[in-house]
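Coordinates from protein_0.cif are shown below (mmCIF, N, CA and C atoms).
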```cif
data_input
loop_
_atom_site.label_atom_id
_atom_site.label_comp_id
_atom_site.auth_asym_id
_atom_site.auth_seq_id
_atom_site.Cartn_x
_atom_site.Cartn_y
_atom_site.Cartn_z
N MET A 1 79.50 22.33 -4.71
CA MET A 1 78.20 22.97 -4.76
C MET A 1 77.86 23.51 -3.37
N ILE A 2 77.35 24.73 -3.33
CA ILE A 2 76.96 25.36 -2.07
C ILE A 2 75.50 25.03 -1.80
N GLU A 3 75.26 24.45 -0.62
CA GLU A 3 73.88 24.14 -0.25
C GLU A 3 73.27 25.34 0.44
N SER A 4 72.04 25.65 0.11
CA SER A 4 71.36 26.77 0.76
C SER A 4 70.72 26.30 2.06
N VAL A 5 70.63 27.22 2.99
CA VAL A 5 69.99 26.94 4.27
C VAL A 5 68.51 27.24 4.11
N PRO A 6 67.64 26.31 4.52
CA PRO A 6 66.20 26.53 4.35
C PRO A 6 65.70 27.75 5.13
N ARG A 7 64.82 28.49 4.52
CA ARG A 7 64.13 29.60 5.20
C ARG A 7 62.79 29.04 5.67
N VAL A 8 62.52 29.16 6.98
CA VAL A 8 61.32 28.59 7.57
C VAL A 8 60.59 29.65 8.39
N LYS A 9 59.31 29.40 8.59
CA LYS A 9 58.48 30.32 9.38
C LYS A 9 58.15 29.66 10.71
N VAL A 10 58.42 30.39 11.80
CA VAL A 10 58.05 29.94 13.13
C VAL A 10 56.80 30.74 13.52
N GLU A 11 55.69 30.03 13.77
CA GLU A 11 54.43 30.67 14.15
C GLU A 11 54.16 30.42 15.62
N PHE A 12 53.67 31.42 16.33
CA PHE A 12 53.43 31.31 17.76
C PHE A 12 51.93 31.36 18.06
N TYR A 13 51.49 30.49 18.98
CA TYR A 13 50.08 30.41 19.36
C TYR A 13 49.96 30.35 20.88
N GLY A 14 48.85 30.90 21.40
CA GLY A 14 48.56 30.83 22.83
C GLY A 14 49.63 31.52 23.66
N LEU A 15 50.05 30.87 24.73
CA LEU A 15 51.04 31.42 25.64
C LEU A 15 52.36 31.70 24.92
N ALA A 16 52.70 30.89 23.94
CA ALA A 16 53.93 31.12 23.17
C ALA A 16 53.86 32.48 22.46
N ARG A 17 52.69 32.84 21.93
CA ARG A 17 52.53 34.14 21.25
C ARG A 17 52.67 35.29 22.24
N LEU A 18 52.10 35.12 23.42
CA LEU A 18 52.23 36.17 24.44
C LEU A 18 53.69 36.37 24.83
N ARG A 19 54.40 35.26 25.01
CA ARG A 19 55.81 35.36 25.41
C ARG A 19 56.69 35.88 24.28
N ALA A 20 56.40 35.50 23.05
CA ALA A 20 57.20 35.94 21.91
C ALA A 20 56.94 37.41 21.58
N GLY A 21 55.72 37.87 21.84
CA GLY A 21 55.37 39.24 21.52
C GLY A 21 55.16 39.48 20.04
N ARG A 22 54.93 38.40 19.31
CA ARG A 22 54.68 38.49 17.87
C ARG A 22 53.95 37.23 17.41
N THR A 23 53.44 37.25 16.21
CA THR A 23 52.69 36.10 15.70
C THR A 23 53.57 35.12 14.94
N GLU A 24 54.66 35.65 14.32
CA GLU A 24 55.53 34.78 13.54
C GLU A 24 56.94 35.34 13.46
N PHE A 25 57.85 34.48 13.01
CA PHE A 25 59.26 34.84 12.91
C PHE A 25 59.86 34.02 11.78
N TRP A 26 60.53 34.66 10.84
CA TRP A 26 61.19 33.95 9.74
C TRP A 26 62.65 33.79 10.06
N VAL A 27 63.21 32.62 9.75
CA VAL A 27 64.61 32.35 10.06
C VAL A 27 65.18 31.36 9.05
N GLU A 28 66.48 31.38 8.88
CA GLU A 28 67.17 30.38 8.08
C GLU A 28 67.78 29.38 9.06
N ALA A 29 67.39 28.11 8.95
CA ALA A 29 67.86 27.08 9.89
C ALA A 29 67.76 25.71 9.25
N THR A 30 68.70 24.85 9.58
CA THR A 30 68.69 23.49 9.04
C THR A 30 67.99 22.49 9.94
N THR A 31 67.85 22.83 11.25
CA THR A 31 67.19 21.92 12.19
C THR A 31 66.17 22.68 13.02
N LEU A 32 65.26 21.93 13.61
CA LEU A 32 64.27 22.51 14.50
C LEU A 32 64.95 23.24 15.65
N GLY A 33 65.98 22.64 16.23
CA GLY A 33 66.68 23.26 17.35
C GLY A 33 67.29 24.60 16.98
N ALA A 34 67.88 24.69 15.79
CA ALA A 34 68.48 25.94 15.34
C ALA A 34 67.40 27.01 15.13
N ALA A 35 66.26 26.62 14.59
CA ALA A 35 65.16 27.57 14.37
C ALA A 35 64.63 28.09 15.71
N LEU A 36 64.43 27.19 16.67
CA LEU A 36 63.92 27.61 17.97
C LEU A 36 64.94 28.45 18.73
N ALA A 37 66.22 28.11 18.61
CA ALA A 37 67.27 28.91 19.26
C ALA A 37 67.28 30.33 18.70
N ALA A 38 67.10 30.47 17.39
CA ALA A 38 67.04 31.79 16.77
C ALA A 38 65.81 32.55 17.25
N ALA A 39 64.68 31.87 17.37
CA ALA A 39 63.46 32.51 17.88
C ALA A 39 63.66 32.95 19.32
N ASP A 40 64.30 32.11 20.13
CA ASP A 40 64.57 32.47 21.52
C ASP A 40 65.46 33.71 21.60
N ALA A 41 66.46 33.79 20.71
CA ALA A 41 67.37 34.94 20.71
C ALA A 41 66.65 36.22 20.31
N ALA A 42 65.68 36.11 19.40
CA ALA A 42 64.94 37.28 18.93
C ALA A 42 63.81 37.67 19.88
N CYS A 43 63.32 36.72 20.66
CA CYS A 43 62.18 36.94 21.55
C CYS A 43 62.61 36.55 22.97
N ALA A 44 63.14 37.51 23.71
CA ALA A 44 63.79 37.24 25.00
C ALA A 44 62.92 36.49 26.01
N ASN A 45 61.62 36.65 25.96
CA ASN A 45 60.74 36.00 26.94
C ASN A 45 60.25 34.62 26.51
N LEU A 46 60.63 34.18 25.31
CA LEU A 46 60.10 32.92 24.78
C LEU A 46 60.68 31.70 25.50
N ARG A 47 61.98 31.52 25.46
CA ARG A 47 62.68 30.41 26.12
C ARG A 47 62.06 29.05 25.79
N SER A 48 62.00 28.72 24.51
CA SER A 48 61.39 27.46 24.07
C SER A 48 62.35 26.28 24.18
N VAL A 49 63.65 26.57 24.29
CA VAL A 49 64.66 25.51 24.41
C VAL A 49 65.37 25.68 25.75
N SER A 50 65.50 24.58 26.47
CA SER A 50 66.18 24.59 27.77
C SER A 50 66.98 23.31 27.91
N ASP A 51 68.25 23.41 28.28
CA ASP A 51 69.11 22.23 28.45
C ASP A 51 69.10 21.33 27.22
N ASN A 52 69.19 21.95 26.03
CA ASN A 52 69.23 21.22 24.75
C ASN A 52 68.00 20.34 24.51
N ALA A 53 66.87 20.77 25.04
CA ALA A 53 65.60 20.05 24.83
C ALA A 53 64.47 21.07 24.72
N LEU A 54 63.37 20.66 24.14
CA LEU A 54 62.19 21.51 24.08
C LEU A 54 61.72 21.76 25.51
N SER A 55 61.51 23.01 25.86
CA SER A 55 61.04 23.34 27.21
C SER A 55 59.68 22.70 27.47
N PRO A 56 59.45 22.25 28.70
CA PRO A 56 58.20 21.54 29.01
C PRO A 56 56.93 22.34 28.77
N GLY A 57 57.00 23.66 28.73
CA GLY A 57 55.81 24.48 28.55
C GLY A 57 55.37 24.64 27.11
N TYR A 58 56.01 23.90 26.18
CA TYR A 58 55.70 24.09 24.76
C TYR A 58 55.45 22.77 24.04
N LEU A 59 54.67 22.87 22.99
CA LEU A 59 54.48 21.80 22.00
C LEU A 59 54.88 22.39 20.66
N VAL A 60 55.43 21.55 19.78
CA VAL A 60 55.84 22.02 18.46
C VAL A 60 55.26 21.08 17.41
N SER A 61 54.67 21.67 16.39
CA SER A 61 54.14 20.92 15.26
C SER A 61 54.83 21.38 13.99
N LEU A 62 55.19 20.44 13.16
CA LEU A 62 55.78 20.78 11.86
C LEU A 62 54.67 20.76 10.81
N GLY A 63 54.43 21.90 10.24
CA GLY A 63 53.43 22.02 9.19
C GLY A 63 52.01 21.76 9.65
N GLY A 64 51.78 21.71 10.93
CA GLY A 64 50.46 21.44 11.45
C GLY A 64 50.01 20.00 11.23
N THR A 65 50.95 19.11 10.85
CA THR A 65 50.57 17.73 10.57
C THR A 65 51.06 16.73 11.61
N ARG A 66 52.15 17.10 12.31
CA ARG A 66 52.64 16.17 13.33
C ARG A 66 53.43 16.93 14.38
N PHE A 67 53.39 16.41 15.60
CA PHE A 67 54.12 17.00 16.71
C PHE A 67 55.47 16.33 16.85
N THR A 68 56.45 17.11 17.31
CA THR A 68 57.79 16.57 17.56
C THR A 68 58.46 17.37 18.66
N ALA A 69 59.36 16.73 19.35
CA ALA A 69 60.22 17.40 20.33
C ALA A 69 61.69 17.18 19.97
N ASP A 70 61.93 16.59 18.79
CA ASP A 70 63.28 16.27 18.34
C ASP A 70 63.94 17.51 17.77
N LEU A 71 64.87 18.11 18.52
CA LEU A 71 65.52 19.33 18.07
C LEU A 71 66.46 19.08 16.90
N ASN A 72 66.79 17.83 16.63
CA ASN A 72 67.64 17.49 15.49
C ASN A 72 66.84 17.26 14.21
N GLU A 73 65.54 17.43 14.28
CA GLU A 73 64.66 17.25 13.11
C GLU A 73 65.11 18.18 12.00
N PRO A 74 65.43 17.63 10.82
CA PRO A 74 65.86 18.49 9.71
C PRO A 74 64.67 19.28 9.13
N LEU A 75 64.98 20.46 8.64
CA LEU A 75 63.95 21.33 8.07
C LEU A 75 64.17 21.48 6.57
N THR A 76 63.09 21.73 5.85
CA THR A 76 63.17 21.99 4.43
C THR A 76 62.59 23.38 4.16
N GLU A 77 62.93 23.92 3.02
CA GLU A 77 62.49 25.25 2.63
C GLU A 77 60.97 25.39 2.78
N GLY A 78 60.56 26.48 3.46
CA GLY A 78 59.15 26.78 3.60
C GLY A 78 58.42 26.06 4.71
N THR A 79 59.12 25.22 5.46
CA THR A 79 58.47 24.53 6.57
C THR A 79 57.86 25.54 7.54
N ALA A 80 56.65 25.26 8.01
CA ALA A 80 56.02 26.06 9.05
C ALA A 80 56.16 25.33 10.37
N ILE A 81 56.76 26.00 11.34
CA ILE A 81 56.94 25.44 12.68
C ILE A 81 55.93 26.13 13.57
N LEU A 82 55.00 25.37 14.13
CA LEU A 82 53.99 25.94 15.00
C LEU A 82 54.40 25.70 16.44
N VAL A 83 54.58 26.78 17.20
CA VAL A 83 54.97 26.68 18.60
C VAL A 83 53.75 27.05 19.44
N LEU A 84 53.31 26.10 20.25
CA LEU A 84 52.10 26.28 21.06
C LEU A 84 52.47 26.19 22.53
N GLY A 85 51.85 27.02 23.35
CA GLY A 85 52.00 26.90 24.78
C GLY A 85 51.26 25.65 25.23
N ALA A 86 51.93 24.82 26.03
CA ALA A 86 51.32 23.57 26.51
C ALA A 86 50.62 23.84 27.84
N ASP A 87 49.85 24.94 27.89
CA ASP A 87 49.15 25.27 29.10
C ASP A 87 47.90 24.41 29.26
N SER A 88 47.53 24.18 30.47
CA SER A 88 46.36 23.33 30.71
C SER A 88 45.08 24.13 30.51
N GLY A 89 43.99 23.43 30.42
CA GLY A 89 42.71 24.08 30.24
C GLY A 89 42.32 24.07 28.78
N GLY A 90 41.42 24.91 28.38
CA GLY A 90 40.99 24.92 27.00
C GLY A 90 40.83 26.25 26.49
#
```
Written form, structure tokens:
Amino acid sequence: MIESVPRVKVEFYGLARLRAGRTEFWVEATTLGAALAAADAACANLRSVSDNALSPGYLVSLGGTRFTADLNEPLTEGTAILVLGADSGG
């Protein structure tokens, strides 16, 4: 049986949106790291992954319910990945 790769939406907020130059990006990926790597490849100024870890300037939420920095986090079809700039201030 052939397993399908989940299609997920990466949404950008704050500084991440400015760097990405867009509000969202759809990608097929099995892990958070693969989804972010694809977003980085499509958005040259984003650079959300560095040295196989989430870059310090970002926070990531899965579905808006919990934060994670685990790039090995598995994804399911339709997952929304929220990428936020971890800039200080309000």
With DSSP run on the backbone, what are the alpha helix (DSSP H) residues within chain A? I'd like them as an mmCIF file with N, CA and C atoms, keeping the file's coordinate frame.
```cif
data_model
loop_
_atom_site.group_PDB
_atom_site.id
_atom_site.type_symbol
_atom_site.label_atom_id
_atom_site.label_comp_id
_atom_site.auth_asym_id
_atom_site.auth_seq_id
_atom_site.Cartn_x
_atom_site.Cartn_y
_atom_site.Cartn_z
ATOM 1 N N LEU A 15 50.050 30.870 24.730
ATOM 2 C CA LEU A 15 51.040 31.420 25.640
ATOM 3 C C LEU A 15 52.360 31.700 24.920
ATOM 4 N N ALA A 16 52.700 30.890 23.940
ATOM 5 C CA ALA A 16 53.930 31.120 23.170
ATOM 6 C C ALA A 16 53.860 32.480 22.460
ATOM 7 N N ARG A 17 52.690 32.840 21.930
ATOM 8 C CA ARG A 17 52.530 34.140 21.250
ATOM 9 C C ARG A 17 52.670 35.290 22.240
ATOM 10 N N LEU A 18 52.100 35.120 23.420
ATOM 11 C CA LEU A 18 52.230 36.170 24.440
ATOM 12 C C LEU A 18 53.690 36.370 24.830
ATOM 13 N N ARG A 19 54.400 35.260 25.010
ATOM 14 C CA ARG A 19 55.810 35.360 25.410
ATOM 15 C C ARG A 19 56.690 35.880 24.280
ATOM 16 N N ALA A 20 56.400 35.500 23.050
ATOM 17 C CA ALA A 20 57.200 35.940 21.910
ATOM 18 C C ALA A 20 56.940 37.410 21.580
ATOM 19 N N LEU A 32 65.260 21.930 13.610
ATOM 20 C CA LEU A 32 64.270 22.510 14.500
ATOM 21 C C LEU A 32 64.950 23.240 15.650
ATOM 22 N N GLY A 33 65.980 22.640 16.230
ATOM 23 C CA GLY A 33 66.680 23.260 17.350
ATOM 24 C C GLY A 33 67.290 24.600 16.980
ATOM 25 N N ALA A 34 67.880 24.690 15.790
ATOM 26 C CA ALA A 34 68.480 25.940 15.340
ATOM 27 C C ALA A 34 67.400 27.010 15.130
ATOM 28 N N ALA A 35 66.260 26.620 14.590
ATOM 29 C CA ALA A 35 65.160 27.570 14.370
ATOM 30 C C ALA A 35 64.630 28.090 15.710
ATOM 31 N N LEU A 36 64.430 27.190 16.670
ATOM 32 C CA LEU A 36 63.920 27.610 17.970
ATOM 33 C C LEU A 36 64.940 28.450 18.730
ATOM 34 N N ALA A 37 66.220 28.110 18.610
ATOM 35 C CA ALA A 37 67.270 28.910 19.260
ATOM 36 C C ALA A 37 67.280 30.330 18.700
ATOM 37 N N ALA A 38 67.100 30.470 17.390
ATOM 38 C CA ALA A 38 67.040 31.790 16.770
ATOM 39 C C ALA A 38 65.810 32.550 17.250
ATOM 40 N N ALA A 39 64.680 31.870 17.370
ATOM 41 C CA ALA A 39 63.460 32.510 17.880
ATOM 42 C C ALA A 39 63.660 32.950 19.320
ATOM 43 N N ASP A 40 64.300 32.110 20.130
ATOM 44 C CA ASP A 40 64.570 32.470 21.520
ATOM 45 C C ASP A 40 65.460 33.710 21.600
ATOM 46 N N ALA A 41 66.460 33.790 20.710
ATOM 47 C CA ALA A 41 67.370 34.940 20.710
ATOM 48 C C ALA A 41 66.650 36.220 20.310
ATOM 49 N N ALA A 42 65.680 36.110 19.400
ATOM 50 C CA ALA A 42 64.940 37.280 18.930
ATOM 51 C C ALA A 42 63.810 37.670 19.880
#
```
message: Selection in question (the file shown): the PyMOL selection byres ((chain A and resi 1-15) around 7). Which residues does it include, as a ChimeraX atom specification?
response: /A:16-20,22-30,75-87
Output N, CA and C atoms for every residue in that selection, as a CSV table (one decimal), in the coordinates of the input.
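Below is the file that was written, part_25.csv:
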```
chain,number,residue,atom,x,y,z
A,16,ALA,N,52.7,30.9,23.9
A,16,ALA,CA,53.9,31.1,23.2
A,16,ALA,C,53.9,32.5,22.5
A,17,ARG,N,52.7,32.8,21.9
A,17,ARG,CA,52.5,34.1,21.2
A,17,ARG,C,52.7,35.3,22.2
A,18,LEU,N,52.1,35.1,23.4
A,18,LEU,CA,52.2,36.2,24.4
A,18,LEU,C,53.7,36.4,24.8
A,19,ARG,N,54.4,35.3,25.0
A,19,ARG,CA,55.8,35.4,25.4
A,19,ARG,C,56.7,35.9,24.3
A,20,ALA,N,56.4,35.5,23.0
A,20,ALA,CA,57.2,35.9,21.9
A,20,ALA,C,56.9,37.4,21.6
A,22,ARG,N,54.9,38.4,19.3
A,22,ARG,CA,54.7,38.5,17.9
A,22,ARG,C,54.0,37.2,17.4
A,23,THR,N,53.4,37.2,16.2
A,23,THR,CA,52.7,36.1,15.7
A,23,THR,C,53.6,35.1,14.9
A,24,GLU,N,54.7,35.6,14.3
A,24,GLU,CA,55.5,34.8,13.5
A,24,GLU,C,56.9,35.3,13.5
A,25,PHE,N,57.8,34.5,13.0
A,25,PHE,CA,59.3,34.8,12.9
A,25,PHE,C,59.9,34.0,11.8
A,26,TRP,N,60.5,34.7,10.8
A,26,TRP,CA,61.2,34.0,9.7
A,26,TRP,C,62.6,33.8,10.1
A,27,VAL,N,63.2,32.6,9.8
A,27,VAL,CA,64.6,32.4,10.1
A,27,VAL,C,65.2,31.4,9.0
A,28,GLU,N,66.5,31.4,8.9
A,28,GLU,CA,67.2,30.4,8.1
A,28,GLU,C,67.8,29.4,9.1
A,29,ALA,N,67.4,28.1,9.0
A,29,ALA,CA,67.9,27.1,9.9
A,29,ALA,C,67.8,25.7,9.2
A,30,THR,N,68.7,24.8,9.6
A,30,THR,CA,68.7,23.5,9.0
A,30,THR,C,68.0,22.5,9.9
A,75,LEU,N,65.0,20.5,8.6
A,75,LEU,CA,64.0,21.3,8.1
A,75,LEU,C,64.2,21.5,6.6
A,76,THR,N,63.1,21.7,5.8
A,76,THR,CA,63.2,22.0,4.4
A,76,THR,C,62.6,23.4,4.2
A,77,GLU,N,62.9,23.9,3.0
A,77,GLU,CA,62.5,25.2,2.6
A,77,GLU,C,61.0,25.4,2.8
A,78,GLY,N,60.6,26.5,3.5
A,78,GLY,CA,59.2,26.8,3.6
A,78,GLY,C,58.4,26.1,4.7
A,79,THR,N,59.1,25.2,5.5
A,79,THR,CA,58.5,24.5,6.6
A,79,THR,C,57.9,25.5,7.5
A,80,ALA,N,56.6,25.3,8.0
A,80,ALA,CA,56.0,26.1,9.0
A,80,ALA,C,56.2,25.3,10.4
A,81,ILE,N,56.8,26.0,11.3
A,81,ILE,CA,56.9,25.4,12.7
A,81,ILE,C,55.9,26.1,13.6
A,82,LEU,N,55.0,25.4,14.1
A,82,LEU,CA,54.0,25.9,15.0
A,82,LEU,C,54.4,25.7,16.4
A,83,VAL,N,54.6,26.8,17.2
A,83,VAL,CA,55.0,26.7,18.6
A,83,VAL,C,53.8,27.0,19.4
A,84,LEU,N,53.3,26.1,20.2
A,84,LEU,CA,52.1,26.3,21.1
A,84,LEU,C,52.5,26.2,22.5
A,85,GLY,N,51.8,27.0,23.4
A,85,GLY,CA,52.0,26.9,24.8
A,85,GLY,C,51.3,25.6,25.2
A,86,ALA,N,51.9,24.8,26.0
A,86,ALA,CA,51.3,23.6,26.5
A,86,ALA,C,50.6,23.8,27.8
A,87,ASP,N,49.8,24.9,27.9
A,87,ASP,CA,49.2,25.3,29.1
A,87,ASP,C,47.9,24.4,29.3
```
field: Residue nearest Leu71 of chain A - candidates A:Ala41, A:Leu36, A:Leu59, A:Leu46, atoms counted: only C-alpha atoms
entry: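 Answer, going by the shortest atom-to-atom distance: A:Leu36.
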Identify, on the basis of only N, CA and C atoms, every residue whose closest approach to segment 31-34 of chain A does not exceed 7 Å; exclude the query and any residue fewer than 4 positions from it along the same chain; express the result as a compact mmCIF listing (two decimals) with N, CA and C atoms, in the coordinates of the input.
```txt
# COMPACT_ATOMS: atom_id res chain seq x y z
N ALA A 38 67.10 30.47 17.39
CA ALA A 38 67.04 31.79 16.77
C ALA A 38 65.81 32.55 17.25
N ALA A 39 64.68 31.87 17.37
CA ALA A 39 63.46 32.51 17.88
C ALA A 39 63.66 32.95 19.32
N ASP A 70 61.93 16.59 18.79
CA ASP A 70 63.28 16.27 18.34
C ASP A 70 63.94 17.51 17.77
N LEU A 71 64.87 18.11 18.52
CA LEU A 71 65.52 19.33 18.07
C LEU A 71 66.46 19.08 16.90
N ASN A 72 66.79 17.83 16.63
CA ASN A 72 67.64 17.49 15.49
C ASN A 72 66.84 17.26 14.21
N GLU A 73 65.54 17.43 14.28
CA GLU A 73 64.66 17.25 13.11
C GLU A 73 65.11 18.18 12.00
N PRO A 74 65.43 17.63 10.82
CA PRO A 74 65.86 18.49 9.71
C PRO A 74 64.67 19.28 9.13
N LEU A 75 64.98 20.46 8.64
CA LEU A 75 63.95 21.33 8.07
C LEU A 75 64.17 21.48 6.57
```
query: What are the DSSP strand (DSSP E or B) residues of segment 7-75 of chain A, as a PyMOL selection string?
result: chain A and resi 7-13+24-28+31+49-50+53-54+58-62+66-67+74
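Across the structure, atom CA of Ala53 of chain A and atom C of Asp40 of chain A are spaced 14.0 Å apart.
Taking atom C of Asn45 of chain A and atom CA of Gly21 of chain A as the two end points, the separation is 8.4 Å.
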